[in-house]
file my_file.txt (compact mmCIF, C-alpha atoms)
# COMPACT_ATOMS: atom_id res chain seq x y z
CA MET R 237 0.00 0.00 0.00
CA LYS R 238 2.81 2.34 0.93
CA MET R 239 4.57 1.58 -2.36
CA ILE R 240 1.43 2.38 -4.36
CA LEU R 241 1.07 5.73 -2.61
CA LYS R 242 4.70 6.46 -3.42
CA ASP R 243 4.14 5.51 -7.09
CA LEU R 244 1.19 7.87 -7.20
CA THR R 245 2.97 10.89 -5.73
CA LYS R 246 6.58 10.70 -6.93
CA GLY R 247 5.72 12.15 -10.34
CA THR R 248 4.51 15.43 -8.87
CA LEU R 249 7.91 16.73 -7.86
CA ILE R 250 10.64 14.27 -6.84
CA GLU R 251 10.58 12.39 -10.14
CA ASN R 252 8.66 14.94 -12.17
CA PRO R 253 9.00 13.69 -15.76
CA VAL R 254 9.57 17.12 -17.29
CA LEU R 255 11.32 19.16 -14.62
CA VAL R 256 13.57 16.53 -13.10
CA LEU R 257 13.89 13.72 -15.67
CA ALA R 258 13.83 16.10 -18.69
CA LEU R 259 11.49 13.85 -20.69
CA GLY R 260 8.67 14.88 -23.00
CA LEU R 261 10.14 18.31 -23.65
CA CYS R 262 8.75 18.84 -27.16
CA PRO R 263 5.03 18.76 -26.31
CA THR R 264 5.68 20.65 -23.07
CA LEU R 265 7.20 23.59 -24.89
CA ALA R 266 4.97 23.46 -27.93
CA VAL R 267 1.48 23.31 -26.42
CA SER R 268 1.95 25.41 -23.28
CA THR R 269 0.77 28.61 -24.99
CA SER R 270 -2.29 28.57 -22.72
CA ALA R 271 -3.42 26.68 -19.63
CA ILE R 272 -6.27 24.95 -21.46
CA ASN R 273 -3.97 23.62 -24.21
CA GLY R 274 -1.62 22.34 -21.52
CA LEU R 275 -4.48 20.63 -19.71
CA GLY R 276 -5.75 19.02 -22.91
CA MET R 277 -2.31 17.70 -23.84
CA GLY R 278 -1.73 16.52 -20.26
CA ILE R 279 -4.97 14.55 -20.15
CA ALA R 280 -4.40 13.02 -23.59
CA ALA R 281 -0.86 11.92 -22.71
CA THR R 282 -1.99 10.65 -19.27
CA PHE R 283 -4.68 8.51 -20.89
CA VAL R 284 -2.13 6.96 -23.28
CA LEU R 285 0.38 6.52 -20.46
CA VAL R 286 -2.05 4.82 -18.06
CA MET R 287 -3.55 2.55 -20.72
CA SER R 288 -0.20 1.52 -22.21
CA ASN R 289 1.26 0.91 -18.72
CA LEU R 290 -1.76 -1.29 -17.97
CA ILE R 291 -1.52 -3.33 -21.18
CA ILE R 292 2.25 -3.69 -21.00
CA ALA R 293 2.12 -4.82 -17.36
CA LEU R 294 -0.48 -7.41 -18.41
CA ILE R 295 1.44 -8.79 -21.38
CA LYS R 296 5.00 -8.44 -20.05
CA LYS R 297 5.45 -12.21 -19.57
CA LEU R 298 4.30 -12.97 -23.15
CA VAL R 299 6.64 -10.50 -24.84
CA PRO R 300 10.04 -11.85 -25.94
CA GLY R 301 12.76 -9.56 -24.62
CA ARG R 302 14.42 -8.86 -27.96
CA ILE R 303 11.37 -7.45 -29.70
CA ARG R 304 9.78 -5.74 -26.72
CA ILE R 305 10.41 -2.18 -27.92
CA PRO R 306 8.52 -2.56 -31.26
CA ILE R 307 5.67 -4.25 -29.38
CA PHE R 308 5.53 -1.45 -26.80
CA ILE R 309 5.48 1.10 -29.61
CA VAL R 310 2.55 -0.63 -31.33
CA VAL R 311 0.60 -0.70 -28.04
CA ILE R 312 1.31 3.00 -27.48
CA ALA R 313 0.51 3.94 -31.10
CA THR R 314 -2.85 2.16 -30.82
CA PHE R 315 -3.89 4.25 -27.83
CA VAL R 316 -2.58 7.40 -29.50
CA THR R 317 -4.75 6.66 -32.54
CA ILE R 318 -7.79 6.17 -30.28
CA THR R 319 -7.03 9.46 -28.51
CA LYS R 320 -6.53 11.27 -31.80
CA LEU R 321 -9.84 10.11 -33.27
CA VAL R 322 -11.78 10.80 -30.05
CA MET R 323 -10.33 14.30 -29.72
CA ALA R 324 -10.98 15.12 -33.38
CA ALA R 325 -14.61 14.08 -32.88
CA TYR R 326 -15.44 15.61 -29.49
CA THR R 327 -12.99 18.51 -28.98
CA PRO R 328 -12.25 19.73 -32.52
CA ALA R 329 -10.93 23.15 -31.40
CA LEU R 330 -8.44 21.62 -28.94
CA SER R 331 -7.50 18.97 -31.49
CA LYS R 332 -6.71 21.73 -33.97
CA ALA R 333 -4.72 23.76 -31.41
CA LEU R 334 -2.56 20.78 -30.45
CA GLY R 335 -2.08 19.81 -34.12
CA ILE R 336 0.67 17.31 -34.89
CA PHE R 337 1.56 17.02 -31.22
CA ILE R 338 -1.34 14.60 -30.70
CA PRO R 339 0.08 11.93 -33.06
CA LEU R 340 3.51 12.77 -31.68
CA ILE R 341 2.46 11.45 -28.24
CA VAL R 342 3.75 8.17 -29.71
CA VAL R 343 7.34 9.39 -29.48
CA ASN R 344 6.86 11.16 -26.15
CA CYS R 345 9.77 9.62 -24.24
CA ILE R 346 7.83 9.66 -20.95
CA ILE R 347 5.51 6.96 -22.24
CA LEU R 348 8.06 4.57 -23.75
CA GLY R 349 10.34 5.38 -20.81
CA ARG R 350 7.75 4.32 -18.23
CA ALA R 351 6.83 1.23 -20.28
CA GLU R 352 10.45 0.14 -20.40
CA ALA R 353 11.57 1.24 -16.94
CA PHE R 354 8.46 0.48 -14.89
CA ALA R 355 5.52 -1.35 -16.47
CA SER R 356 7.67 -4.13 -17.94
CA LYS R 357 9.03 -4.92 -14.47
CA HIS R 358 6.16 -4.33 -12.03
CA ASN R 359 2.65 -5.70 -11.45
CA VAL R 360 -0.54 -4.24 -12.89
CA ILE R 361 -1.65 -2.22 -9.84
CA ARG R 362 1.71 -0.54 -9.36
CA SER R 363 2.03 0.13 -13.11
CA LEU R 364 -1.39 1.79 -13.10
CA ALA R 365 -0.40 3.91 -10.09
CA ASP R 366 2.87 4.84 -11.79
CA GLY R 367 1.01 5.85 -14.97
CA ILE R 368 -1.44 8.01 -13.03
CA GLY R 369 1.32 9.57 -10.93
CA MET R 370 3.60 10.38 -13.86
CA GLY R 371 0.66 11.58 -15.96
CA PHE R 372 -0.41 13.88 -13.14
CA GLY R 373 3.10 15.31 -12.85
CA PHE R 374 3.20 15.91 -16.60
CA THR R 375 -0.25 17.52 -16.65
CA LEU R 376 0.53 19.70 -13.63
CA THR R 377 3.74 20.96 -15.24
CA LEU R 378 1.96 21.71 -18.52
CA VAL R 379 -0.90 23.56 -16.80
CA LEU R 380 1.45 25.63 -14.61
CA LEU R 381 3.69 26.47 -17.55
CA GLY R 382 0.66 27.20 -19.75
CA ALA R 383 -0.92 29.42 -17.09
CA PHE R 384 2.35 31.30 -16.53
CA ARG R 385 2.76 31.99 -20.25
CA GLU R 386 -0.92 32.80 -20.69
CA ILE R 387 -0.94 35.33 -17.83
CA LEU R 388 2.13 37.16 -19.12
CA GLY R 389 1.41 36.68 -22.81
CA SER R 390 -2.30 37.44 -23.01
CA GLY R 391 -3.33 38.44 -19.46
CA THR R 392 -5.77 35.55 -19.02
CA VAL R 393 -5.98 32.15 -17.29
CA PHE R 394 -8.20 29.50 -18.89
CA GLY R 395 -9.54 32.36 -21.04
CA ALA R 396 -10.64 34.49 -18.05
CA ASN R 397 -9.08 37.95 -17.81
CA VAL R 398 -7.09 38.27 -14.57
CA MET R 399 -4.72 41.15 -15.19
CA GLY R 400 -7.23 43.96 -15.74
CA SER R 401 -7.70 46.07 -18.85
CA SER R 402 -4.62 48.27 -18.35
CA PHE R 403 -2.29 45.25 -18.64
CA GLN R 404 -0.05 45.21 -21.72
CA PRO R 405 0.47 41.54 -22.64
CA ALA R 406 4.04 40.52 -23.47
CA LEU R 407 3.43 38.75 -26.77
CA LEU R 408 6.90 37.22 -26.58
CA MET R 409 5.75 34.85 -23.84
CA ILE R 410 3.36 32.98 -26.11
CA LEU R 411 5.86 32.93 -28.95
CA PRO R 412 8.54 30.18 -29.03
CA PRO R 413 11.22 32.11 -27.04
CA GLY R 414 8.80 32.54 -24.12
CA ALA R 415 8.41 28.76 -23.92
CA PHE R 416 12.15 28.18 -23.55
CA LEU R 417 12.63 31.02 -21.06
CA SER R 418 9.66 29.98 -18.86
CA LEU R 419 10.66 26.32 -18.80
CA GLY R 420 14.25 27.24 -17.92
CA LEU R 421 13.01 29.31 -14.98
CA MET R 422 10.58 26.58 -13.96
CA VAL R 423 13.29 23.88 -13.88
CA ALA R 424 15.47 26.18 -11.76
CA GLY R 425 12.45 26.84 -9.49
CA SER R 426 11.73 23.15 -9.01
CA ARG R 427 15.40 22.58 -8.11
CA TRP R 428 15.17 25.35 -5.57
CA ILE R 429 12.09 23.76 -3.97
CA LEU R 430 13.75 20.32 -3.92
CA GLU R 431 16.83 21.81 -2.31
CA LYS R 432 14.80 23.70 0.33
CA THR R 433 12.76 20.64 1.27
CA GLY R 434 15.90 18.47 1.26
CA LYS R 435 14.43 15.90 -1.11
CA GLU R 436 17.15 16.17 -3.69
CA GLY R 437 18.56 12.83 -4.61
CA MET Y 217 11.99 25.54 -58.36
CA ALA Y 218 11.34 28.79 -56.47
CA ASN Y 219 8.74 26.90 -54.50
CA LEU Y 220 11.35 24.38 -53.33
CA LEU Y 221 13.68 27.18 -52.29
CA VAL Y 222 10.91 28.74 -50.20
CA ILE Y 223 10.27 25.40 -48.50
CA ALA Y 224 13.98 24.94 -47.79
CA ILE Y 225 14.54 28.43 -46.36
CA GLY Y 226 11.32 28.11 -44.41
CA ALA Y 227 12.32 24.84 -42.76
CA ILE Y 228 15.89 25.92 -42.00
CA LEU Y 229 15.39 29.48 -40.77
CA ILE Y 230 11.80 30.65 -40.42
CA ASN Y 231 10.16 27.55 -38.98
CA ASN Y 232 13.34 26.02 -37.60
CA PHE Y 233 12.41 22.57 -36.33
CA VAL Y 234 14.00 23.01 -32.92
CA LEU Y 235 13.64 26.69 -32.19
CA SER Y 236 10.22 27.39 -33.60
CA ARG Y 237 8.40 24.08 -34.13
CA PHE Y 238 9.73 22.46 -30.90
CA LEU Y 239 10.60 19.15 -32.53
CA GLY Y 240 13.66 17.08 -31.62
CA LEU Y 241 14.36 18.76 -28.30
CA CYS Y 242 15.62 15.66 -26.48
CA PRO Y 243 18.71 15.25 -28.70
CA PHE Y 244 19.01 19.05 -28.88
CA VAL Y 245 19.44 19.22 -25.10
CA GLY Y 246 21.03 15.78 -24.71
CA VAL Y 247 23.88 15.73 -27.24
CA SER Y 248 24.73 19.42 -27.52
CA LYS Y 249 27.54 19.43 -24.99
CA LYS Y 250 30.30 18.82 -27.55
CA THR Y 251 30.55 20.07 -31.13
CA GLU Y 252 31.95 16.75 -32.32
CA THR Y 253 28.98 14.68 -31.18
CA ALA Y 254 26.63 17.41 -32.36
CA ILE Y 255 27.99 17.04 -35.91
CA GLY Y 256 27.55 13.25 -35.78
CA MET Y 257 23.99 13.54 -34.52
CA GLY Y 258 23.18 16.23 -37.07
CA MET Y 259 24.43 14.12 -39.99
CA ALA Y 260 22.50 11.08 -38.76
CA VAL Y 261 19.31 13.14 -38.46
CA ILE Y 262 19.66 14.67 -41.96
CA PHE Y 263 20.23 11.20 -43.41
CA VAL Y 264 17.29 9.50 -41.67
CA MET Y 265 14.96 12.48 -42.11
CA THR Y 266 15.49 12.55 -45.88
CA LEU Y 267 14.88 8.81 -46.18
CA ALA Y 268 11.90 8.92 -43.82
CA SER Y 269 10.31 11.81 -45.74
CA ALA Y 270 10.53 9.85 -48.99
CA VAL Y 271 9.31 6.53 -47.56
CA THR Y 272 6.44 7.90 -45.48
CA TRP Y 273 5.26 9.99 -48.44
CA VAL Y 274 5.02 6.84 -50.56
CA ILE Y 275 3.22 4.97 -47.75
CA TRP Y 276 0.77 7.84 -47.30
CA THR Y 277 0.02 8.34 -51.00
CA TYR Y 278 -0.10 4.75 -52.26
CA PHE Y 279 -1.16 2.74 -49.21
CA LEU Y 280 -3.20 4.92 -46.87
CA SER Y 281 -4.95 7.58 -48.96
CA PRO Y 282 -8.18 6.67 -50.72
CA GLY Y 283 -8.40 6.99 -54.51
CA THR Y 284 -7.41 5.19 -57.68
CA SER Y 285 -3.71 5.20 -56.77
CA ASN Y 286 -4.28 3.14 -53.61
CA ILE Y 287 -2.42 -0.16 -54.01
CA PHE Y 288 -5.05 -2.12 -52.12
CA TRP Y 289 -7.76 -0.81 -54.43
CA ILE Y 290 -5.67 -1.68 -57.51
CA ILE Y 291 -5.23 -5.24 -56.22
CA ALA Y 292 -8.90 -5.57 -55.28
CA ASN Y 293 -9.91 -4.17 -58.66
CA ALA Y 294 -7.64 -6.57 -60.51
CA LEU Y 295 -9.20 -9.44 -58.57
CA GLY Y 296 -12.64 -8.36 -59.79
CA SER Y 297 -13.99 -6.57 -56.70
CA ASP Y 298 -16.19 -3.54 -57.45
CA THR Y 299 -15.64 -1.71 -54.14
CA PRO Y 300 -15.32 2.04 -54.88
CA ALA Y 301 -11.81 3.51 -54.58
CA ALA Y 302 -13.00 6.00 -51.95
CA ALA Y 303 -13.68 3.11 -49.56
CA PHE Y 304 -9.97 2.31 -49.22
CA ASP Y 305 -9.33 5.05 -46.68
CA LEU Y 306 -6.69 3.91 -44.20
CA ARG Y 307 -5.53 7.38 -43.18
CA TYR Y 308 -6.49 6.80 -39.56
CA LEU Y 309 -3.67 4.25 -39.39
CA GLU Y 310 -1.06 6.84 -40.26
CA THR Y 311 0.49 7.17 -36.78
CA ILE Y 312 0.98 3.42 -36.37
CA ALA Y 313 2.18 2.95 -39.96
CA PHE Y 314 4.66 5.84 -39.81
CA ILE Y 315 6.23 4.92 -36.48
CA LEU Y 316 6.68 1.30 -37.56
CA VAL Y 317 8.14 2.31 -40.91
CA ILE Y 318 10.53 4.77 -39.25
CA ALA Y 319 11.64 2.25 -36.62
CA SER Y 320 12.31 -0.42 -39.25
CA LEU Y 321 13.98 2.11 -41.53
CA VAL Y 322 16.41 3.10 -38.79
CA GLN Y 323 17.23 -0.56 -38.07
CA PHE Y 324 17.69 -1.21 -41.78
CA VAL Y 325 19.95 1.81 -42.27
CA GLU Y 326 22.00 0.67 -39.30
CA LEU Y 327 22.46 -2.81 -40.80
CA VAL Y 328 23.30 -1.50 -44.28
CA LEU Y 329 25.82 1.00 -42.95
CA GLN Y 330 27.45 -1.65 -40.79
CA LYS Y 331 27.96 -3.92 -43.83
CA THR Y 332 28.80 -1.39 -46.53
CA SER Y 333 30.44 1.58 -44.89
CA PRO Y 334 32.13 0.85 -41.58
CA ALA Y 335 33.61 4.37 -41.47
CA LEU Y 336 30.20 6.03 -41.74
CA TYR Y 337 28.81 3.49 -39.27
CA GLU Y 338 31.54 4.41 -36.80
CA ALA Y 339 30.58 8.06 -37.13
CA LEU Y 340 26.78 7.73 -37.02
CA GLY Y 341 26.31 4.33 -35.38
CA ILE Y 342 25.63 5.28 -31.78
CA PHE Y 343 23.20 8.01 -32.79
CA LEU Y 344 20.98 5.87 -35.00
CA PRO Y 345 19.06 3.95 -32.30
CA LEU Y 346 18.32 7.25 -30.54
CA ILE Y 347 16.74 8.63 -33.68
CA THR Y 348 13.69 6.34 -33.65
CA THR Y 349 12.26 8.21 -30.70
CA ASN Y 350 13.32 11.60 -32.07
CA CYS Y 351 10.02 13.33 -32.58
CA ALA Y 352 11.49 15.46 -35.38
CA ILE Y 353 11.48 12.43 -37.71
CA LEU Y 354 7.86 11.48 -37.10
CA GLY Y 355 7.07 15.20 -37.04
CA VAL Y 356 8.46 15.80 -40.51
CA ALA Y 357 6.52 12.80 -41.84
CA GLU Y 358 3.26 14.05 -40.32
CA LEU Y 359 3.86 17.60 -41.55
CA ASN Y 360 4.70 16.48 -45.10
CA THR Y 361 1.60 14.40 -45.53
CA MET Y 362 -1.13 15.39 -43.12
CA SER Y 363 -0.67 19.11 -42.45
CA LEU Y 364 1.09 20.54 -45.51
CA GLY Y 365 0.12 18.07 -48.25
CA TYR Y 366 3.44 18.26 -50.11
CA SER Y 367 4.29 16.54 -53.39
CA PHE Y 368 7.08 13.95 -53.38
CA LEU Y 369 9.82 16.39 -54.38
CA GLU Y 370 8.58 19.01 -51.92
CA ALA Y 371 8.48 16.42 -49.12
CA LEU Y 372 12.03 15.35 -49.94
CA VAL Y 373 13.34 18.93 -49.91
CA HIS Y 374 11.43 19.64 -46.70
CA GLY Y 375 13.03 16.56 -45.11
CA ILE Y 376 16.57 17.59 -46.04
CA ALA Y 377 16.00 21.21 -45.01
CA ALA Y 378 14.42 20.23 -41.70
CA GLY Y 379 17.49 18.09 -40.97
CA LEU Y 380 19.78 20.98 -41.91
CA GLY Y 381 17.83 23.33 -39.66
CA PHE Y 382 18.09 20.86 -36.79
CA THR Y 383 21.85 20.51 -37.35
CA LEU Y 384 22.28 24.29 -37.51
CA ALA Y 385 20.52 24.79 -34.18
CA LEU Y 386 22.39 21.86 -32.60
CA LEU Y 387 25.79 23.15 -33.77
CA MET Y 388 25.13 26.69 -32.52
CA MET Y 389 23.97 25.31 -29.20
CA SER Y 390 27.02 23.07 -28.77
CA GLY Y 391 29.35 25.97 -29.61
CA ILE Y 392 27.72 28.10 -26.93
CA ARG Y 393 27.71 25.31 -24.36
CA GLU Y 394 31.40 24.58 -24.88
CA LYS Y 395 32.15 28.21 -24.01
CA LEU Y 396 29.67 28.09 -21.15
CA GLU Y 397 31.82 25.52 -19.35
CA PHE Y 398 34.05 28.41 -18.31
CA ALA Y 399 31.26 30.80 -17.32
CA PRO Y 400 30.19 31.31 -13.70
CA VAL Y 401 26.62 30.02 -13.98
CA PRO Y 402 24.57 30.11 -10.72
CA LYS Y 403 24.27 26.65 -9.18
CA LEU Y 404 20.50 26.36 -9.63
CA MET Y 405 20.76 27.33 -13.29
CA LYS Y 406 23.55 24.88 -14.23
CA GLY Y 407 22.80 22.34 -16.95
CA LEU Y 408 19.21 22.15 -18.12
CA PRO Y 409 17.84 25.57 -17.02
CA ILE Y 410 20.65 27.58 -18.60
CA ALA Y 411 20.37 25.45 -21.77
CA PHE Y 412 16.71 26.47 -22.00
CA ILE Y 413 17.48 30.13 -21.43
CA ILE Y 414 20.09 30.01 -24.21
CA SER Y 415 17.62 28.27 -26.53
CA GLY Y 416 15.13 31.01 -25.70
CA LEU Y 417 17.59 33.68 -26.73
CA MET Y 418 18.48 31.77 -29.91
CA SER Y 419 14.80 31.32 -30.66
CA MET Y 420 14.32 35.07 -30.21
CA ALA Y 421 17.08 35.69 -32.74
CA PHE Y 422 15.49 33.23 -35.17
CA LEU Y 423 12.17 35.04 -34.74
CA GLY Y 424 13.80 37.79 -36.78
CA PHE Y 425 13.76 35.50 -39.83
CA SER Y 426 9.95 35.41 -39.78
CA GLY Y 427 10.12 38.78 -41.56
CA LEU Y 428 11.74 37.08 -44.59
CA LYS Y 429 9.39 37.34 -47.55
CA PHE Y 430 9.85 36.17 -51.10
call {"tool": "encode", "arguments": {"input": "my_file.txt", "output": "structure tokens"}}
result
Amino acid sequence: MKMILKDLTKGTLIENPVLVLALGLCPTLAVSTSAINGLGMGIAATFVLVMSNLIIALIKKLVPGRIRIPIFIVVIATFVTITKLVMAAYTPALSKALGIFIPLIVVNCIILGRAEAFASKHNVIRSLADGIGMGFGFTLTLVLLGAFREILGSGTVFGANVMGSSFQPALLMILPPGAFLSLGLMVAGSRWILEKTGKEG
Amino acid sequence: MANLLVIAIGAILINNFVLSRFLGLCPFVGVSKKTETAIGMGMAVIFVMTLASAVTWVIWTYFLSPGTSNIFWIIANALGSDTPAAAFDLRYLETIAFILVIASLVQFVELVLQKTSPALYEALGIFLPLITTNCAILGVAELNTMSLGYSFLEALVHGIAAGLGFTLALLMMSGIREKLEFAPVPKLMKGLPIAFIISGLMSMAFLGFSGLKF
């Protein structure tokens, strides 16, 4: 029970996939132009991560070691295709905003990384918890980064104006350079928090 | 011809794959510590990207897209089936098809290089396995077919130019990071954070190219 709780929470900060492990950087930078885009991407990737962790933990004994990577990729690509079709049908605006980064969830290294490093070695329950935990960490990072850029770049959060009408938005923040600068500051910030709480390791 | 030039300049400078499209960031951050490895990685990416652009274009046009050029329809038609050509629409399989094709292509290239050109294999070998999960490769395939709808020649030029753009960004980054070794960077900013800040500044500089008009 204690292990499962640890699997669920480690992704938030201590093993945050983006800020600490530096995985899944492309979608993080590309879709964090607003909090809602970040949330959409986070949920889509979490769904794929949890489902592929589940399937891989179930079939791990049947998969021959030498061809495991192609098999993992096919499992992941299947769930990505499901996600892509569902999003195109039910959330067309979000699907359009995220663009090619939805099919590119396939090559998001968080997902293959967790399949290889965790789900192929642990039981189903723990793999599910790991998927949820890591997915939450990824989503949280994307939403925070998206909100940060949205506040500075357009003065809104989730589309609601928070900075007042006199605020001059810094367009740069929602352009590509803003993504790099914000993520750089965010990684430094997460290190600072880890150092303060003494959880660095 | 002018059209191809516009595509090439666009992919190298205006919509640089790393600095403006955010594709291929893992190798960009991971192997940009030394110029030597950056060159190796860049060459490997140009090589695989060009091949992948060509192969995925063929897969998309002749296997997945509906119409009278779909191979499955041609076979079915030859066998006497009267299913309309529009019914052979496999485009929803594009993600699975592309990633499998790219993964096998990389393996194949690795084998061929190992047998035919040991020198080139020495230079590119260790980078090739990493390339399968480089999102720039799948990204260029998706852009060529799904988003931009390029012709074969355009897709090929876009693939080469995207690889060149990636290499350009990677080389600049590695040059800066080599110098950065001697700079007094604050402890919290060392490594990843400062790499992102530098990329941000480079991206800002590349933003200037978006004013290029032909």
call {"tool": "atom_distance", "arguments": {"input": "my_file.txt", "atom1": "CA of Pro306 in chain R", "atom2": "CA of Gly276 in chain R"}}
result
27.2 Å
call {"tool": "closest_residue", "arguments": {"input": "my_file.txt", "among": "R:Ile336, R:Val310, R:Ala271, R:Leu381", "to": "Asn360 in chain Y", "atoms": "all atoms listed in the file"}}
result
R:Ile336
call {"tool": "closest_atom_pairs", "arguments": {"input": "my_file.txt", "of": "chain R", "to": "chain Y", "cutoff": "10 Å", "atoms": "all atoms listed in the file", "output": "tab-separated table"}}
result
residue	atom	partner	partner_atom	distance
R:Leu255	CA	Y:Leu408	CA	9.1
R:Val256	CA	Y:Leu408	CA	9.4
R:Ala258	CA	Y:Cys242	CA	8.0
R:Leu259	CA	Y:Cys242	CA	7.3
R:Gly260	CA	Y:Cys242	CA	7.8
R:Leu261	CA	Y:Leu241	CA	6.3
R:Cys262	CA	Y:Phe238	CA	5.3
R:Pro263	CA	Y:Phe238	CA	7.5
R:Thr264	CA	Y:Phe238	CA	9.0
R:Leu265	CA	Y:Phe238	CA	6.6
R:Ala266	CA	Y:Phe238	CA	5.7
R:Val267	CA	Y:Phe238	CA	9.4
R:Ile305	CA	Y:Ala319	CA	9.8
R:Pro306	CA	Y:Leu316	CA	7.6
R:Ile307	CA	Y:Leu316	CA	9.9
R:Ile309	CA	Y:Ile315	CA	7.9
R:Val310	CA	Y:Ile312	CA	6.7
R:Val311	CA	Y:Ile312	CA	9.3
R:Ile312	CA	Y:Ile312	CA	8.9
R:Ala313	CA	Y:Ile312	CA	5.3
R:Thr314	CA	Y:Ile312	CA	6.9
R:Phe315	CA	Y:Ile312	CA	9.9
R:Val316	CA	Y:Thr311	CA	7.9
R:Thr317	CA	Y:Thr311	CA	6.8
R:Ile318	CA	Y:Tyr308	CA	9.4
R:Lys320	CA	Y:Tyr308	CA	9.0
R:Leu321	CA	Y:Tyr308	CA	7.9
R:Gly335	CA	Y:Ser363	CA	8.5
R:Ile336	CA	Y:Glu358	CA	6.8
R:Phe337	CA	Y:Gly355	CA	8.2
R:Ile338	CA	Y:Thr311	CA	9.8
R:Pro339	CA	Y:Thr311	CA	6.1
R:Leu340	CA	Y:Cys351	CA	6.6
R:Ile341	CA	Y:Cys351	CA	8.9
R:Val342	CA	Y:Thr311	CA	7.8
R:Val343	CA	Y:Thr349	CA	5.2
R:Asn344	CA	Y:Cys351	CA	7.5
R:Cys345	CA	Y:Thr349	CA	7.1
R:Leu348	CA	Y:Thr349	CA	8.9
R:Leu408	CA	Y:Met420	CA	8.5
R:Leu411	CA	Y:Ser236	CA	8.4
R:Pro412	CA	Y:Ser236	CA	5.6
R:Pro413	CA	Y:Gly416	CA	4.3
R:Gly414	CA	Y:Gly416	CA	6.7
R:Ala415	CA	Y:Gly416	CA	7.3
R:Phe416	CA	Y:Gly416	CA	4.6
R:Leu417	CA	Y:Ile413	CA	4.9
R:Ser418	CA	Y:Ile413	CA	8.2
R:Leu419	CA	Y:Phe412	CA	6.8
R:Gly420	CA	Y:Pro409	CA	4.1
R:Leu421	CA	Y:Pro409	CA	6.4
R:Met422	CA	Y:Pro409	CA	7.9
R:Val423	CA	Y:Pro409	CA	5.8
R:Ala424	CA	Y:Leu404	CA	5.5
R:Gly425	CA	Y:Leu404	CA	8.1
R:Ser426	CA	Y:Leu404	CA	9.4
R:Arg427	CA	Y:Leu404	CA	6.5
R:Trp428	CA	Y:Leu404	CA	6.8
R:Glu431	CA	Y:Leu404	CA	9.4
call {"tool": "closest_residue", "arguments": {"input": "my_file.txt", "among": "R:Met287, R:Leu407, R:Leu430, R:Ala281", "to": "Arg385 in chain R", "atoms": "only C-alpha atoms"}}
result
R:Leu407
call {"tool": "closest_residue", "arguments": {"input": "my_file.txt", "among": "R:Lys432, R:Ser270, R:Thr327, R:Thr319", "to": "Gly391 in chain R", "atoms": "all atoms listed in the file"}}
result
R:Ser270
call {"tool": "atom_distance", "arguments": {"input": "my_file.txt", "atom1": "CA of Ala355 in chain R", "atom2": "CA of Ala293 in chain R"}}
result
4.9 Å
call {"tool": "residues_near_point", "arguments": {"input": "my_file.txt", "point": "(30.8, 22.4, -23.6)", "cutoff": "8 Å", "atoms": "only C-alpha atoms", "output": "PDB file with C-alpha atoms, keeping the file's coordinate frame"}}
result
ATOM      1  CA  SER Y 248      24.730  19.420 -27.520  1.00  0.00           C
ATOM      2  CA  LYS Y 249      27.540  19.430 -24.990  1.00  0.00           C
ATOM      3  CA  LYS Y 250      30.300  18.820 -27.550  1.00  0.00           C
ATOM      4  CA  THR Y 251      30.550  20.070 -31.130  1.00  0.00           C
ATOM      5  CA  SER Y 390      27.020  23.070 -28.770  1.00  0.00           C
ATOM      6  CA  GLY Y 391      29.350  25.970 -29.610  1.00  0.00           C
ATOM      7  CA  ILE Y 392      27.720  28.100 -26.930  1.00  0.00           C
ATOM      8  CA  ARG Y 393      27.710  25.310 -24.360  1.00  0.00           C
ATOM      9  CA  GLU Y 394      31.400  24.580 -24.880  1.00  0.00           C
ATOM     10  CA  LYS Y 395      32.150  28.210 -24.010  1.00  0.00           C
ATOM     11  CA  LEU Y 396      29.670  28.090 -21.150  1.00  0.00           C
ATOM     12  CA  GLU Y 397      31.820  25.520 -19.350  1.00  0.00           C
TER      13      GLU Y 397
END
call {"tool": "residues_around", "arguments": {"input": "my_file.txt", "residues": "Ala268 in chain Y", "least_positions_apart": "4", "cutoff": "10 Å", "atoms": "only C-alpha atoms", "output": "PyMOL selection string"}}
result
chain Y and resi 262-264+272-274+314+317-319+321-322+353-354+356-357+371-372+375
call {"tool": "closest_residue", "arguments": {"input": "my_file.txt", "among": "Y:Ala339, Y:Leu221, Y:Leu369, Y:Leu327", "to": "Ile255 in chain Y", "atoms": "all atoms listed in the file"}}
result
Y:Ala339
call {"tool": "atom_distance", "arguments": {"input": "my_file.txt", "atom1": "CA of Ile223 in chain Y", "atom2": "CA of Ile287 in chain Y"}}
result
29.1 Å
